[in-house]
Amino acid sequence: MTTPLLSLQGLTKAYPGVVANDTVSFDIGQGEVHALLGENGAGKSTLVKMIYGLVKPDSGKMVLNGQPFAPAEPRAARADGIAMVFQHFSLFDALNVAENIALGMENPPKMGDLAARIREVSETYGLPLDPYRTVGDLSAGERQRVEIIRCLLQDPKLLIMDEPTSVLTPQEVDILFETLQKLRSEGTSILYISHKLEEIRTLCDHATILRLGKNVGECIPAETSARDMAEMMVGSTLQTPERGGRDFGEVALDISGLSVPSPSEFGTALRNLHLTVRRGEVLGVGGVAGNGQDELLGVLSGEITTAPDAVKMNGQPIGKLGPTARRKLGLLSAPEERLGHAAAPDMSLTENALLTGSVREGLESNGFLKWGETQSFAERIIEEFDVRTPGPDNAARSLSGGNLQKFVIGREVLQNPDVLVVNQPTWGVDAAAAASIRQAILDLAAKGTAVVCISQDLDELMEISDSFAALNEGRLSAPRETTGLTVDEIGLMMGGAHGMEVAHV
Amino acid sequence: MDLSAINPVLLIASLMVAATPILLAAIGELVVEKAGVLNLGVEGMMIVGAISGFAITVESGSPWLGFLASAIGGALLSLLFVVLTQVALANQVASGLALTLFGLGLSSLMGQSYVGIKPPQMGKLDIPVLTDLPVIGPILFGHDPILYLGIALTAAVWALLKYTRVGLVLRAVGENHDAAHALGYKVVRIRIMAIMFGGACAGLGGAYISLIRVPQWTEGMTAGVGWIALALVVFASWKPWRALLGAYLFGGVTVVQLNLQAAGVAIPVEYLAMSPYLITIFVLVLLSRDKSGAPASLGRIFHATH
């Protein structure tokens with residue numbers, strides 16, 4: 001083998017209280033698609049930030065093409081041919097595509113020339129884009145194209161992609177992979193970060209697995225089973241949730257012909273929405289983020305009120321009721337955004353337990369709060385859902401994302417809802433904890449709760465839901481039984497490839 | 001009541017003078033807000049600029065040096081806001097209010113020995129032929145240089161924001177400071193420059209009141225102009241030419257209602273006095289219906305976490 005493009009040697013980076021990377025070493029070859037695998041918190045992001053010059057390593061060194069490489073800032077890394085597509089898009093909503101791309105370049109040409117080049121490159125790689133559209137109006141897949149084209153315009157030697165497929169439909173994923181394969185054939189190396197193992201098996205030549213900041217092994221993905229890789233990531237055997245066969249009861253939640261505008265400027269309006277969920281049924285709602293998920297949750301939780309008859313629970317009109325009134329009736333919800341929506345970041349876990357639990361758990365009387373009972377409620381959540389925290393007096397902000405997610409879901413599950421609505425219940429949670437959250441949802445359904453689970457993780461929806469529907473531009477497809485549904489069918493329900501086409505090679 | 005006493009040519013010429021302090025302050029604040037910072041200290045920076053400019057003009061005899069000093073004075077005061085909000089990461093609203101109160105107090109202290117003095121006047125533009133033209137002459141070619149500077153600054157800020165890379169980076173920082181940081185732009189440095197530019201413009205606007213519009217020094221003489229400028233930026237949807245339009249509208253209605261008062265129109269003075277505020281707000285609210293939103297990071301504290 002020739003000299004590797006980039007060689008990492010003993011990189012270490014510590015933050016107060018945690019070693020994010022502990023003497024990590026591996027090589028990325030020329031024209032190789034190299035996967036970086038690991039759970040959340042395994043140190044993948046810190047590692048790529050060091051390569052991209054956003055974070056300086058405490059010790060260790062990097063060698064790029066035989067030369068020592070220590071970028072002081074992203075600009076220097078870009079100058080050396082490193083480009084990065086971020087997990088959370090680093091785009092500016094109010095600016096247009098061309099302006100966004102110009103911001104990511106060192107010496108951008110004039111706007112007119114740049115627009116022409118964007119058209120040219122986007123056509124070549126099968127990622128059509130109008131340079132003058134405002135980014136805030138684009139779909140998640142189109143936004144990702146903006147980021148990729150921003151990188152491609154700089155002829156990168158190494159392209160870093162941080163969880164690129166988490167926001168794409170299966171068809172869009174196929175097109176992205178063809179683009180990446182074309183890049184590889186042109187000699188570009190790709191560092192591909194993901195925890196979706198099947199993707200890595202189809203795409204990547206080589207994989208490095210991180211666990212708790214350490215390099216715990218390497219493998220050739222095509223020759224390793226997904227289960228083996230998962231167990232290397234987690235470091236233990238995985239349990240899959242079990243679902244018992246059960247009968248569905250009466251219709252618990254019924255929405256018919258609902259249309260509501262979005263409360264936010266770049267949101268998606270819901271259009272002519274129909275759905276029914278029976279007692280004991282788990283309805284999975286898939287779809288790419290930004291197609292009306294937040295609005296659907298708002299309509300169900302009561303944050304967005306509608307005509308009284310549009311939303312019915314157990315036959316009773318509840319469209320006009322706010323969240324507290326709905327909680328009283330037994331409809332609970334857990335939104336996606338943990339800090340600021342599902343939990344108040346600077347308040348303690350006890351206080352957060354009170355915020356949604358006061359009605360059903362009887363935590364207040366005559367306007368006075370019962371702190372003692374609230375605290376034991378919070379302690380119960382922490383114990384039953386294995387929330388890792390020193391105690392209920394800690395602020396919600398101090399918990400890691402996965403732990404806070406367990407707390408937020410546990411808080412609703414323990415209140416024994418009649419209808420539970422969750423959005424992205426296992427987002428950012430490690431595999432073991434995700435399995436236990438899914439098990440808790442299934443157990444709840446087995447006891448007769450109607451569950452609406454909105455998620456972007458299709459595997460998760462296939463695992464726990466009885467019927468599946470997809471949101472696409474604010475419209476909900478007709479629900480179908482989950483058993484026997486193929487990935488292609490799901491992809492079409494999610495809206496297909498959004499006008500993408502295969503690369504013109 | 002004698003409406004014929006109102007001379008339309010003089011009216012237009014004087015509305016331009018009345019509008020210039022608001023315009024200068026508003027253009028500065030517009031740049032600050034485009035960079036994502038909400039500085040409510042405009043009033044304070046204006047009054048400090050007013051007394052700095054006044055004092056230096058009286059001491060040196062040169063209004064040019066005075067205006068330069070007012071810009072420096074405003075920018076220096078804005079550095080206090082920089083330390084509070086960009087270094088100590090304090091709340092921008094509270095820091096801005098504190099800046100205004102501090103500026104008002106500081107200016108009365110600085111101005112104690114300047115009350116009742118008349119400053120040397122700045123010459124007016126005098127182009128042979130052009131200035132002597134009827135109607136157009138006094139309106140277009142008969143003003144002091146700072147008034148033209150205000151218009152030139154509006155054009156320059158507009159072009160900078162729309163056509164240059166510096167302007168693009170500035171807007172990007174105001175739109176999404178985390179993304180700008182991830183792309184390697186110096187968010188804090190860019191914001192500090194913008195805040196100081198805003199301070200300098202507010203200072204110029206203040207000195208325009210104390211050196212040209214009034215011209216003398218009295219305590220608290222900016223009398224809320226800074227707040228009008230702040231409101232103007234919002235109602236102008238962060239667009240420079242609309243800020244100019246708003247400033248001229250406000251200046252215009254102010255001058256007209258003063259003339260009407262002098263002419264003895266049978267409307268109670270209180271209604272006339274509130275008319276500039278009402279009309280300006282009404283017109284700009286109508287104009288800003290197109291929902292061109294505020295910079296998305298406006299007023300949010302930027303903390304670079306890695």
# chains A, B, ... in the order shown; residues from 1 in each chain; ligands from 1
>>> interface_residues(of="chain B", to="chain A", cutoff="12 Å", atoms="only C-alpha atoms", output="VMD selection string")
chain B and resid 34 161 to 186 291 to 297 304 to 306
>>> select_by_dssp(residues="segment 54-288 of chain B", states="helix (DSSP H, G or I)", output="count of residues only")
177
>>> residues_around(residues="segment 87-95 of chain B", least_positions_apart="6", cutoff="8 Å", atoms="only C-alpha atoms", output="ChimeraX atom specification")
/B:37-41,81,299,301-303
>>> write_last_selection(atoms="C-alpha atoms", output="PDB file, in the first residue's frame")
ATOM      1  CA  VAL B  37     -26.024  42.399  18.497  1.00  0.00           C
ATOM      2  CA  LEU B  38     -28.800  44.456  20.062  1.00  0.00           C
ATOM      3  CA  ASN B  39     -27.268  47.607  21.542  1.00  0.00           C
ATOM      4  CA  LEU B  40     -29.914  49.632  23.369  1.00  0.00           C
ATOM      5  CA  GLY B  41     -27.277  52.188  24.355  1.00  0.00           C
ATOM      6  CA  PHE B  81     -20.715  47.572  25.845  1.00  0.00           C
ATOM      7  CA  GLY B 299     -29.505  39.558  20.891  1.00  0.00           C
ATOM      8  CA  ILE B 301     -25.124  35.517  23.452  1.00  0.00           C
ATOM      9  CA  PHE B 302     -22.388  33.761  21.509  1.00  0.00           C
ATOM     10  CA  HIS B 303     -20.299  31.327  23.473  1.00  0.00           C
TER      11      HIS B 303
END
>>> residues_around(residues="Thr100 of chain B", least_positions_apart="2", cutoff="8 Å", atoms="only C-alpha atoms", output="MDAnalysis selection string")
chainID B and resid 40:45 96:98 102:104
>>> closest_residue(among="B:Gly116, B:Gly142, B:Gly53, B:Pro21", to="Pro128 of chain B", atoms="only C-alpha atoms")
B:Gly142
>>> residues_around(residues="segment 224-228 of chain A", least_positions_apart="2", cutoff="12 Å", atoms="only C-alpha atoms", output="JSON, numbers by chain")
{"A": [37, 195, 196, 197, 198, 199, 200, 201, 202, 204, 205, 206, 207, 209, 217, 218, 219, 220, 221, 222, 230, 231, 232, 233, 234, 235, 236, 237, 238, 239, 240, 431]}
>>> write_last_selection(atoms="C-alpha atoms", output="PDB file, in the first residue's frame")
ATOM      1  CA  LEU A  37     -18.104   4.106  14.117  1.00  0.00           C
ATOM      2  CA  HIS A 195     -23.866   4.526  13.482  1.00  0.00           C
ATOM      3  CA  LYS A 196     -26.019   3.009  10.748  1.00  0.00           C
ATOM      4  CA  LEU A 197     -24.229  -0.240  10.207  1.00  0.00           C
ATOM      5  CA  GLU A 198     -25.883  -1.459   7.026  1.00  0.00           C
ATOM      6  CA  GLU A 199     -24.891   1.760   5.272  1.00  0.00           C
ATOM      7  CA  ILE A 200     -21.332   1.342   6.332  1.00  0.00           C
ATOM      8  CA  ARG A 201     -21.319  -2.233   5.099  1.00  0.00           C
ATOM      9  CA  THR A 202     -22.418  -1.176   1.605  1.00  0.00           C
ATOM     10  CA  CYS A 204     -17.077   1.806   3.282  1.00  0.00           C
ATOM     11  CA  ASP A 205     -13.745   0.115   2.580  1.00  0.00           C
ATOM     12  CA  HIS A 206     -12.454   0.217   6.106  1.00  0.00           C
ATOM     13  CA  ALA A 207     -13.856   0.992   9.539  1.00  0.00           C
ATOM     14  CA  ILE A 209     -14.521   1.738  15.940  1.00  0.00           C
ATOM     15  CA  GLY A 217     -10.811  -2.162  16.811  1.00  0.00           C
ATOM     16  CA  GLU A 218     -10.769  -1.996  13.047  1.00  0.00           C
ATOM     17  CA  CYS A 219     -12.551  -4.108  10.487  1.00  0.00           C
ATOM     18  CA  ILE A 220     -13.440  -4.482   6.834  1.00  0.00           C
ATOM     19  CA  PRO A 221     -17.173  -3.706   6.947  1.00  0.00           C
ATOM     20  CA  ALA A 222     -18.079  -5.845   3.958  1.00  0.00           C
ATOM     21  CA  ALA A 230     -22.646  -3.156  16.946  1.00  0.00           C
ATOM     22  CA  GLU A 231     -21.236  -5.255  19.726  1.00  0.00           C
ATOM     23  CA  MET A 232     -17.789  -3.770  19.203  1.00  0.00           C
ATOM     24  CA  MET A 233     -19.375  -0.305  19.497  1.00  0.00           C
ATOM     25  CA  VAL A 234     -21.359  -1.093  22.635  1.00  0.00           C
ATOM     26  CA  GLY A 235     -18.901  -3.502  24.186  1.00  0.00           C
ATOM     27  CA  SER A 236     -21.602  -5.913  25.266  1.00  0.00           C
ATOM     28  CA  THR A 237     -24.354  -8.061  23.817  1.00  0.00           C
ATOM     29  CA  LEU A 238     -27.444  -6.286  22.547  1.00  0.00           C
ATOM     30  CA  GLN A 239     -31.004  -7.057  23.504  1.00  0.00           C
ATOM     31  CA  THR A 240     -33.779  -6.493  21.029  1.00  0.00           C
ATOM     32  CA  ALA A 431     -28.102   1.481  21.695  1.00  0.00           C
TER      33      ALA A 431
END
>>> residues_around(residues="Val359 of chain A", least_positions_apart="6", cutoff="9 Å", atoms="only C-alpha atoms", output="ChimeraX atom specification")
/A:324-325,327-328
>>> write_last_selection(atoms="C-alpha atoms", output="PDB file, in the first residue's frame")
ATOM      1  CA  THR A 324     -52.687  20.931  30.771  1.00  0.00           C
ATOM      2  CA  ALA A 325     -56.338  20.125  30.068  1.00  0.00           C
ATOM      3  CA  ARG A 327     -52.917  15.918  30.387  1.00  0.00           C
ATOM      4  CA  LYS A 328     -55.846  15.792  32.772  1.00  0.00           C
TER       5      LYS A 328
END
